[in-house]
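**Q** Okay, handing you the structure first.
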Amino acid sequence: MAAGGRRKLAELSVDEFLTSGFESEVDGDSDEETSELVEEPANSKQSQNGQAGGKKKKPLKVRTAEKKVKKGKATEHKDQLSRLKERDPEFYKFLQENDRSLLNFDDSDGSDEEEKGLHMLPEMLEVLPSDEEEEEEEETVKRKKADFITVTLKMVEQWKQAAKKQLTPRLFHEITQAFKASVATTKGEDGGADPSKFKVTDGAVFNALVSFCIRDLFGCLQKLLQVKVLKDKSKVVLPSTSPLWGKLRLDVKMYLSCTIQLLSCLTEASVGAAVLHHVSAIVPYFLLFPKQCRMLLKQAIRLWSTGEETVRVLAFLVLNKICRHKKELYLNPVLKQMYISYVKNSRFTSPNVLPLINFMQRTLTEMYALDTQVSYQHAFIYIRQLAIHLRSAMTLKKKENYQSVYNWQYVHCLYFWCRVLSTIYPSEIMEPLIYPLTQVIIGCIKLVPTARFYPLRMHCVRALTLLSENTRTFIPVLPFILEIFQQVDFNKKPGRMSAKPINFAVVLKLSSANLQEKAFRDGLIEQLYDLILEYLHGQAHSIGFPELTLPVIIQLKSFLKECKIANYCKAIRQLLEKLQENSAYVASRRQKATFGVASREAVEQWEKQVKEEGTPLTKYYAQWKKLREKEIQLEISGKERLDDLNLPEIKRKRLEGRKEEDKKEFKDLFELDSDSDGESGGFSMQGKSKAKKAQGSAGSPASASDASSEDDEEEEASDSDGGAEEGPSTSAGTPKELAYARRLSSADLKLLAQGEEDIVEDLDDDYFDDLAGD
């Protein structure tokens, strides 16, 4: 649009005004230049068809406009609206009434954002430091390090005495700063970030300072804050209620962070136990700082799952204390992390690891008992996960799927959830999970029902027995035990002898060689005895005990008829007698009952009374349990004693390699001129060998062959020794040897020639007395 063809604003309609620009004829030079910039896109077609002179002028105007004005379209639009209010108030009022959004225009939108996105050069460019400046910085750092105050034992003792007399916020600040410096030394030489104004270089100072802070500092702080001590230890009074808390808050926060760092660096169990004991006492302070509390929970879970026995117990007490007071905030994530740690640490099981797994299982059960709502959510998810693994193994039937079920982690998880449901019972929230968990365990038993997986079956049976006894739920466990009597031939002669018994508590699968051993059948009978007794002990007071034990009694009687091993029959016969005795006792008691089967309350009351009075089976089980625990302890202690002995291995030398050594040894022996009886012994043995040779030559060939076969080793020894003895026997010998030879009478020589009996054994005592007298 040309400048001469512009229309006044008063002549424009509303639509024309909104579609066209806002330039006015009264605008100054700067406005004209700006309007020409805005109108340029609309007139680009005309400029292309116009003269060449117009083409040259418009770029010049654009450059001058860019030099004078650097505004975006949004800012320009807002300026035009502000001028419109002065020049045409009526139209501005009309816009206010009908289209206020057009006037409330934000100049932050539009092309300014595009301009902001462009890279702008900084006013001052950074200059790289020179070598001299770097040296100055290093000197400054060294000067700062030199400014640190070195903590001494005298300073620690002064702090200790002053704190016991009267702790002040300033004194507490200095002590915590020194504690921070001491903990910083555990990171290395650098100590991480700038620790404090103090520096700890001596190990004795470190021990004294940490010991003072752990034992005495927070006792003095309690007096300073005047925190009330409640008699009810289940409730906690937070120290933030004190008026001095604002002054001490930052120092306490720093101290708690340093304590957690110290806990993560310690390797000595006794020191770690002392720090955890201190942490357990100051849990109320951790509850005021969520970040420090989360860091503490993380370290406590690590120590609970991997630490030494005392450290594990103290870490559990810290976890339990925090979660009891802040259930809604910490219980859910803590339970999740503890369960994951339990699963990770139960991957391998051995006699040494099993007590630690049992400890984790029992303590984690206590944590789940804190809140049944949270426990149900976790139990539902994890039991469902176990069921999914079992379903995939049953449908796909591949080795890797079987291994996902038949492993220690899966078995320990099954047993853990049985313990959780048994501990929390009675609970309406958790009770619906009993049935699905039972079905998963039964499916695990039936997945591969072979003899190699009998140990796994026994672990599952024990889990079901625990669940059935504590939840008062009938679970058919006995068929899985009695099935073993039918599958195993206990009369079969063992294929090999075993060096030690099989520990079924730490085994899931047996090898083919184990199935051939005698120890397998011995251990199996012992396990069957234990499992039947443990399960029926929980049902001993039941009014239906005689009917429940009938299949067991029939199976045991059948076993006794077929089994020919006395040790097996003795144990099973004893169990059978106890079951029959208890069955007869329950039958005689229920005959006197006046109620019917339909009255459930009366049946429960009767069972409760019988349980309190005790049955023959429960009394026997109590005695058996004590003896069984003693046997297990003796086995463990006996194994440890044998391991400590380090008995040497005895290696026998080969006979061929021994001949030459024996020849040399005996040759030297007979050449010695001694008065011992060894010479006469050697002479008589020579006579014995000659007598045997004479008997062999006089007898039949059969008798000679029998004699040689009976005394192979003696003949070999006589061959080797005889060669050594022929030398001295053929020589003249000593005068004493000749005297011994002269004393033998002709009758004695005839007896030697016969050789039916051992001459050395038949010699009378008088003969040796005569020799001694001569």
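Chains: A, B, ... in order of the structure tokens. Residues: from 1 per chain. Ligands: from 1, in order shown.
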Sort by chain and increasing residue number a table of all residues of stretch 180-263 of chain A within 12 Å of stretch 148-168 of chain A, each with its closest pair of atoms and their distance in Å to one decimal, counting only C-alpha atoms, and write it as a Markdown table.
**A**
```
| residue | atom | partner | partner_atom | distance |
| --- | --- | --- | --- | --- |
| A:Lys180 | CA | A:Val151 | CA | 11.8 |
| A:Ala181 | CA | A:Val151 | CA | 9.2 |
| A:Ser182 | CA | A:Val151 | CA | 9.1 |
| A:Asp194 | CA | A:Phe148 | CA | 10.6 |
| A:Pro195 | CA | A:Phe148 | CA | 10.0 |
| A:Ser196 | CA | A:Phe148 | CA | 7.9 |
| A:Lys197 | CA | A:Phe148 | CA | 5.1 |
| A:Phe198 | CA | A:Ile149 | CA | 4.6 |
| A:Lys199 | CA | A:Thr150 | CA | 4.7 |
| A:Val200 | CA | A:Val151 | CA | 5.5 |
| A:Thr201 | CA | A:Thr150 | CA | 7.3 |
| A:Asp202 | CA | A:Thr152 | CA | 8.1 |
| A:Gly203 | CA | A:Leu153 | CA | 10.4 |
| A:Ala204 | CA | A:Leu153 | CA | 7.7 |
| A:Val205 | CA | A:Leu153 | CA | 5.5 |
| A:Phe206 | CA | A:Val151 | CA | 8.9 |
| A:Asn207 | CA | A:Leu153 | CA | 9.9 |
| A:Ala208 | CA | A:Val156 | CA | 7.2 |
| A:Leu209 | CA | A:Val156 | CA | 6.2 |
| A:Val210 | CA | A:Val156 | CA | 9.9 |
| A:Ser211 | CA | A:Val156 | CA | 10.3 |
| A:Phe212 | CA | A:Lys160 | CA | 7.1 |
| A:Cys213 | CA | A:Lys160 | CA | 9.1 |
| A:Ile214 | CA | A:Lys160 | CA | 11.9 |
| A:Arg215 | CA | A:Lys160 | CA | 10.7 |
| A:Asp216 | CA | A:Lys164 | CA | 8.2 |
| A:Leu217 | CA | A:Ala163 | CA | 7.4 |
| A:Phe218 | CA | A:Ala163 | CA | 10.0 |
| A:Gly219 | CA | A:Lys164 | CA | 9.0 |
| A:Cys220 | CA | A:Leu167 | CA | 6.4 |
| A:Leu221 | CA | A:Leu167 | CA | 7.0 |
| A:Gln222 | CA | A:Leu167 | CA | 9.9 |
| A:Lys223 | CA | A:Leu167 | CA | 8.4 |
| A:Leu224 | CA | A:Leu167 | CA | 6.5 |
| A:Leu225 | CA | A:Leu167 | CA | 9.9 |
| A:Gln226 | CA | A:Leu167 | CA | 11.8 |
| A:Leu244 | CA | A:Thr168 | CA | 10.1 |
| A:Lys247 | CA | A:Thr168 | CA | 10.2 |
| A:Leu248 | CA | A:Thr168 | CA | 9.6 |
```
**Q** Those residues with N, CA, C and O atoms, as a short mmCIF file (atom, residue, chain, number, x, y, z; two decimals), in the first residue's frame please?
**A**
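Now in result-v3.cif:
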```cif
data_model
loop_
_atom_site.label_atom_id
_atom_site.label_comp_id
_atom_site.auth_asym_id
_atom_site.auth_seq_id
_atom_site.Cartn_x
_atom_site.Cartn_y
_atom_site.Cartn_z
N LYS A 180 33.11 -34.24 62.92
CA LYS A 180 33.04 -34.26 61.46
C LYS A 180 34.43 -34.41 60.86
O LYS A 180 34.63 -35.14 59.88
N ALA A 181 35.41 -33.73 61.45
CA ALA A 181 36.79 -33.84 60.95
C ALA A 181 37.33 -35.25 61.14
O ALA A 181 38.05 -35.78 60.29
N SER A 182 37.00 -35.88 62.27
CA SER A 182 37.48 -37.24 62.51
C SER A 182 36.85 -38.24 61.56
O SER A 182 37.51 -39.14 61.05
N ASP A 194 35.45 -29.84 52.29
CA ASP A 194 36.10 -29.16 53.40
C ASP A 194 35.37 -29.52 54.69
O ASP A 194 34.24 -29.11 54.89
N PRO A 195 35.98 -30.30 55.60
CA PRO A 195 35.24 -30.83 56.72
C PRO A 195 34.89 -29.78 57.77
O PRO A 195 33.74 -29.54 58.06
N SER A 196 35.87 -29.13 58.36
CA SER A 196 35.63 -28.15 59.42
C SER A 196 36.94 -27.43 59.69
O SER A 196 37.92 -27.60 58.99
N LYS A 197 36.93 -26.64 60.78
CA LYS A 197 38.16 -25.92 61.13
C LYS A 197 39.14 -26.81 61.89
O LYS A 197 40.27 -26.40 62.14
N PHE A 198 38.70 -28.04 62.24
CA PHE A 198 39.57 -28.96 62.99
C PHE A 198 40.18 -30.00 62.07
O PHE A 198 39.72 -30.21 60.94
N LYS A 199 41.21 -30.64 62.58
CA LYS A 199 41.90 -31.69 61.85
C LYS A 199 42.31 -32.77 62.84
O LYS A 199 42.85 -32.48 63.91
N VAL A 200 42.03 -34.04 62.48
CA VAL A 200 42.37 -35.18 63.34
C VAL A 200 43.39 -36.02 62.60
O VAL A 200 43.13 -36.52 61.50
N THR A 201 44.56 -36.17 63.20
CA THR A 201 45.64 -36.91 62.55
C THR A 201 46.06 -38.15 63.32
O THR A 201 46.68 -39.05 62.77
N ASP A 202 45.77 -38.19 64.61
CA ASP A 202 46.22 -39.29 65.46
C ASP A 202 45.09 -40.30 65.66
O ASP A 202 43.93 -39.92 65.86
N GLY A 203 45.44 -41.60 65.62
CA GLY A 203 44.43 -42.65 65.80
C GLY A 203 43.87 -42.66 67.21
O GLY A 203 42.68 -42.92 67.42
N ALA A 204 44.71 -42.37 68.21
CA ALA A 204 44.23 -42.33 69.59
C ALA A 204 43.22 -41.21 69.79
O ALA A 204 42.21 -41.37 70.50
N VAL A 205 43.47 -40.06 69.15
CA VAL A 205 42.53 -38.94 69.24
C VAL A 205 41.21 -39.31 68.56
O VAL A 205 40.12 -39.00 69.08
N PHE A 206 41.30 -39.97 67.43
CA PHE A 206 40.09 -40.41 66.72
C PHE A 206 39.25 -41.32 67.62
O PHE A 206 38.04 -41.13 67.76
N ASN A 207 39.89 -42.31 68.24
CA ASN A 207 39.16 -43.25 69.10
C ASN A 207 38.54 -42.54 70.30
O ASN A 207 37.39 -42.80 70.67
N ALA A 208 39.32 -41.63 70.92
CA ALA A 208 38.81 -40.93 72.10
C ALA A 208 37.63 -40.04 71.75
O ALA A 208 36.62 -39.99 72.48
N LEU A 209 37.73 -39.33 70.62
CA LEU A 209 36.67 -38.40 70.23
C LEU A 209 35.39 -39.15 69.85
O LEU A 209 34.28 -38.80 70.29
N VAL A 210 35.54 -40.21 69.04
CA VAL A 210 34.36 -40.98 68.63
C VAL A 210 33.73 -41.66 69.84
O VAL A 210 32.49 -41.69 69.99
N SER A 211 34.56 -42.18 70.73
CA SER A 211 34.03 -42.83 71.93
C SER A 211 33.26 -41.84 72.81
O SER A 211 32.19 -42.16 73.33
N PHE A 212 33.77 -40.64 72.95
CA PHE A 212 33.09 -39.61 73.76
C PHE A 212 31.74 -39.23 73.14
O PHE A 212 30.72 -39.13 73.85
N CYS A 213 31.73 -39.04 71.81
CA CYS A 213 30.48 -38.64 71.15
C CYS A 213 29.42 -39.75 71.24
O CYS A 213 28.24 -39.48 71.46
N ILE A 214 29.85 -41.00 71.09
CA ILE A 214 28.90 -42.10 71.08
C ILE A 214 28.34 -42.36 72.48
O ILE A 214 27.15 -42.64 72.64
N ARG A 215 29.19 -42.24 73.50
CA ARG A 215 28.76 -42.63 74.85
C ARG A 215 28.09 -41.49 75.62
O ARG A 215 27.07 -41.70 76.27
N ASP A 216 28.67 -40.29 75.58
CA ASP A 216 28.26 -39.26 76.53
C ASP A 216 27.61 -38.03 75.93
O ASP A 216 26.87 -37.33 76.62
N LEU A 217 27.91 -37.71 74.66
CA LEU A 217 27.52 -36.41 74.12
C LEU A 217 26.01 -36.21 74.12
O LEU A 217 25.51 -35.17 74.57
N PHE A 218 25.25 -37.21 73.64
CA PHE A 218 23.81 -36.99 73.50
C PHE A 218 23.09 -37.11 74.83
O PHE A 218 21.95 -36.64 74.97
N GLY A 219 23.74 -37.72 75.84
CA GLY A 219 23.17 -37.64 77.18
C GLY A 219 23.20 -36.22 77.70
O GLY A 219 22.24 -35.73 78.31
N CYS A 220 24.32 -35.53 77.44
CA CYS A 220 24.42 -34.11 77.82
C CYS A 220 23.47 -33.24 77.00
O CYS A 220 22.90 -32.26 77.51
N LEU A 221 23.29 -33.61 75.73
CA LEU A 221 22.38 -32.84 74.87
C LEU A 221 20.93 -32.97 75.34
O LEU A 221 20.16 -32.01 75.28
N GLN A 222 20.56 -34.15 75.83
CA GLN A 222 19.21 -34.34 76.35
C GLN A 222 18.96 -33.41 77.53
O GLN A 222 17.86 -32.83 77.66
N LYS A 223 19.97 -33.26 78.40
CA LYS A 223 19.82 -32.35 79.54
C LYS A 223 19.70 -30.90 79.08
O LYS A 223 18.94 -30.11 79.64
N LEU A 224 20.49 -30.54 78.05
CA LEU A 224 20.43 -29.17 77.55
C LEU A 224 19.07 -28.86 76.94
O LEU A 224 18.51 -27.79 77.17
N LEU A 225 18.54 -29.81 76.16
CA LEU A 225 17.23 -29.60 75.52
C LEU A 225 16.08 -29.79 76.48
O LEU A 225 14.95 -29.38 76.19
N GLN A 226 16.34 -30.45 77.63
CA GLN A 226 15.31 -30.73 78.63
C GLN A 226 14.14 -31.49 78.03
O GLN A 226 12.96 -31.14 78.20
N LEU A 244 15.38 -24.55 72.61
CA LEU A 244 16.75 -24.41 72.10
C LEU A 244 16.99 -25.19 70.81
O LEU A 244 18.12 -25.17 70.30
N LYS A 247 18.63 -23.42 67.67
CA LYS A 247 20.06 -23.12 67.67
C LYS A 247 20.90 -24.36 67.38
O LYS A 247 22.01 -24.25 66.85
N LEU A 248 20.39 -25.53 67.75
CA LEU A 248 21.19 -26.75 67.64
C LEU A 248 20.84 -27.59 66.42
O LEU A 248 21.50 -28.60 66.16
#
```
**Q** Might you pull out every residue within 12 Å of A:Met254, with only C-alpha atoms counted and same-chain residues fewer than 5 positions away left off, and present them as a PyMOL selection string?
**A** chain A and resi 172-181+183+195-196+248-249+259-261+285-286+289+291-292
**Q** Write the residues you've just listed into a file as a compact mmCIF listing (two decimals), in the first residue's frame, and include C-alpha atoms for each of them.
**A**
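Now in selection.txt:
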```
# COMPACT_ATOMS: atom_id res chain seq x y z
CA PHE A 172 28.22 -28.54 71.04
CA HIS A 173 29.09 -26.84 67.74
CA GLU A 174 32.84 -27.24 68.35
CA ILE A 175 32.50 -30.90 69.35
CA THR A 176 30.40 -31.74 66.29
CA GLN A 177 32.88 -29.95 64.04
CA ALA A 178 35.71 -32.01 65.50
CA PHE A 179 33.62 -35.17 65.10
CA LYS A 180 33.04 -34.26 61.46
CA ALA A 181 36.79 -33.84 60.95
CA VAL A 183 34.88 -38.99 60.36
CA PRO A 195 35.24 -30.83 56.72
CA SER A 196 35.63 -28.15 59.42
CA LEU A 248 21.19 -26.75 67.64
CA ARG A 249 19.29 -28.07 64.62
CA THR A 259 27.34 -40.95 62.12
CA ILE A 260 25.82 -42.64 59.07
CA GLN A 261 29.07 -42.17 57.16
CA TYR A 285 16.60 -37.15 66.27
CA PHE A 286 16.70 -39.07 62.97
CA PHE A 289 15.37 -35.30 59.31
CA LYS A 291 16.91 -37.44 54.30
CA GLN A 292 19.19 -38.65 57.09
```
**Q** Using backbone DSSP assignments, extract all alpha helix (DSSP H) residues from stretch 291-433 of chain A; output them as a short mmCIF file (atom, residue, chain, number, x, y, z; two decimals) with C-alpha atoms, in the first residue's frame.
**A**
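After the write, result-v4.cif holds the following:
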```cif
data_model
loop_
_atom_site.label_atom_id
_atom_site.label_comp_id
_atom_site.auth_asym_id
_atom_site.auth_seq_id
_atom_site.Cartn_x
_atom_site.Cartn_y
_atom_site.Cartn_z
CA LYS A 291 16.91 -37.44 54.30
CA GLN A 292 19.19 -38.65 57.09
CA CYS A 293 16.55 -41.15 58.16
CA ARG A 294 16.42 -42.69 54.68
CA MET A 295 20.22 -42.91 54.58
CA LEU A 296 20.19 -44.64 57.97
CA LEU A 297 17.55 -47.15 56.87
CA LYS A 298 19.62 -48.03 53.81
CA GLN A 299 22.72 -48.73 55.93
CA ALA A 300 20.70 -50.62 58.53
CA ILE A 301 19.21 -52.94 55.89
CA ARG A 302 22.70 -53.63 54.53
CA LEU A 303 24.04 -54.53 57.98
CA TRP A 304 20.90 -56.58 58.79
CA SER A 305 21.49 -58.79 55.76
CA THR A 306 25.31 -59.05 55.68
CA GLU A 309 25.36 -61.71 64.38
CA THR A 310 25.32 -58.93 67.01
CA VAL A 311 25.38 -56.23 64.33
CA ARG A 312 22.43 -57.90 62.57
CA VAL A 313 20.34 -57.86 65.74
CA LEU A 314 21.08 -54.18 66.50
CA ALA A 315 20.39 -53.18 62.88
CA PHE A 316 17.01 -54.93 63.09
CA LEU A 317 16.17 -53.05 66.31
CA VAL A 318 16.92 -49.74 64.57
CA LEU A 319 14.72 -50.67 61.59
CA ASN A 320 11.90 -51.83 63.84
CA LYS A 321 12.04 -48.70 65.99
CA ILE A 322 11.91 -46.28 63.04
CA CYS A 323 9.12 -48.16 61.27
CA ARG A 324 6.98 -48.39 64.41
CA HIS A 325 7.00 -44.61 64.84
CA ASN A 332 6.37 -49.91 52.82
CA PRO A 333 9.80 -49.20 51.21
CA VAL A 334 11.67 -50.81 54.12
CA LEU A 335 9.67 -54.06 53.81
CA LYS A 336 10.33 -54.16 50.09
CA GLN A 337 14.09 -53.69 50.46
CA MET A 338 14.32 -56.16 53.34
CA TYR A 339 12.45 -58.83 51.35
CA ILE A 340 14.75 -58.32 48.34
CA SER A 341 17.80 -58.63 50.62
CA TYR A 342 16.34 -61.81 52.15
CA VAL A 343 15.87 -63.38 48.71
CA LYS A 344 19.40 -62.40 47.60
CA ASN A 345 21.01 -63.88 50.72
CA LEU A 354 21.24 -71.60 57.51
CA PRO A 355 21.09 -69.92 60.98
CA LEU A 356 21.50 -66.48 59.35
CA ILE A 357 18.70 -67.21 56.88
CA ASN A 358 16.44 -68.32 59.74
CA PHE A 359 17.26 -65.11 61.63
CA MET A 360 16.37 -62.95 58.62
CA GLN A 361 13.17 -64.94 58.14
CA ARG A 362 12.00 -64.48 61.73
CA THR A 363 12.91 -60.79 61.99
CA LEU A 364 11.35 -59.92 58.65
CA THR A 365 8.19 -61.69 59.84
CA GLU A 366 8.16 -59.35 62.85
CA MET A 367 8.36 -56.36 60.51
CA TYR A 368 5.42 -57.62 58.44
CA THR A 372 -1.47 -56.13 58.17
CA GLN A 373 -2.74 -53.82 55.43
CA VAL A 374 0.74 -53.30 53.99
CA SER A 375 1.59 -56.96 54.62
CA TYR A 376 -1.39 -58.15 52.59
CA GLN A 377 -0.34 -56.07 49.59
CA HIS A 378 3.20 -57.43 49.67
CA ALA A 379 2.13 -61.02 50.34
CA PHE A 380 -0.43 -60.99 47.53
CA ILE A 381 2.11 -59.70 44.98
CA TYR A 382 4.95 -62.05 45.96
CA ILE A 383 2.79 -65.20 46.36
CA ARG A 384 1.30 -64.44 42.95
CA GLN A 385 4.83 -64.12 41.56
CA LEU A 386 5.70 -67.57 42.97
CA ALA A 387 2.54 -68.99 41.40
CA ILE A 388 3.45 -67.54 38.00
CA HIS A 389 6.87 -69.22 38.12
CA LEU A 390 5.21 -72.53 39.01
CA ARG A 391 2.65 -72.21 36.23
CA SER A 392 5.30 -71.55 33.60
CA ALA A 393 7.27 -74.59 34.81
CA MET A 394 4.16 -76.83 34.64
CA THR A 395 3.13 -75.66 31.15
CA LEU A 396 6.49 -75.30 29.37
CA LYS A 399 14.85 -77.41 32.34
CA GLU A 400 15.28 -73.67 32.92
CA ASN A 401 11.64 -73.39 34.04
CA TYR A 402 12.07 -76.26 36.48
CA GLN A 403 15.19 -74.59 37.83
CA SER A 404 13.25 -71.36 38.44
CA VAL A 405 11.11 -73.34 40.93
CA TRP A 408 16.77 -72.43 47.40
CA GLN A 409 15.35 -68.95 46.88
CA TYR A 410 11.95 -70.31 45.87
CA VAL A 411 11.82 -72.79 48.79
CA HIS A 412 12.89 -70.20 51.36
CA CYS A 413 10.26 -67.77 50.05
CA LEU A 414 7.53 -70.43 50.42
CA TYR A 415 8.60 -71.16 53.97
CA PHE A 416 8.83 -67.42 54.75
CA TRP A 417 5.25 -66.69 53.69
CA CYS A 418 4.02 -69.70 55.66
CA ARG A 419 5.72 -68.21 58.71
CA VAL A 420 4.22 -64.76 58.06
CA LEU A 421 0.67 -66.11 57.77
CA SER A 422 1.23 -68.30 60.85
CA THR A 423 2.52 -65.38 62.91
CA ILE A 424 -0.14 -62.84 61.95
#
```
**Q** Between atom CA of A:Leu508 and atom CA of A:Pro455, measure the distance and give it in Å to one decimal.
**A** 5.0 Å
**Q** In Å, how far is it from atom CA of A:Leu276 to atom CA of A:Lys253?
**A**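 Computed distance, atom CA of A:Leu276 to atom CA of A:Lys253, equals 17.3 Å.
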**Q** One decimal, Å: what's the distance from atom CA of A:Glu581 over to atom CA of A:Pro616, could you say?
**A** 7.0 Å
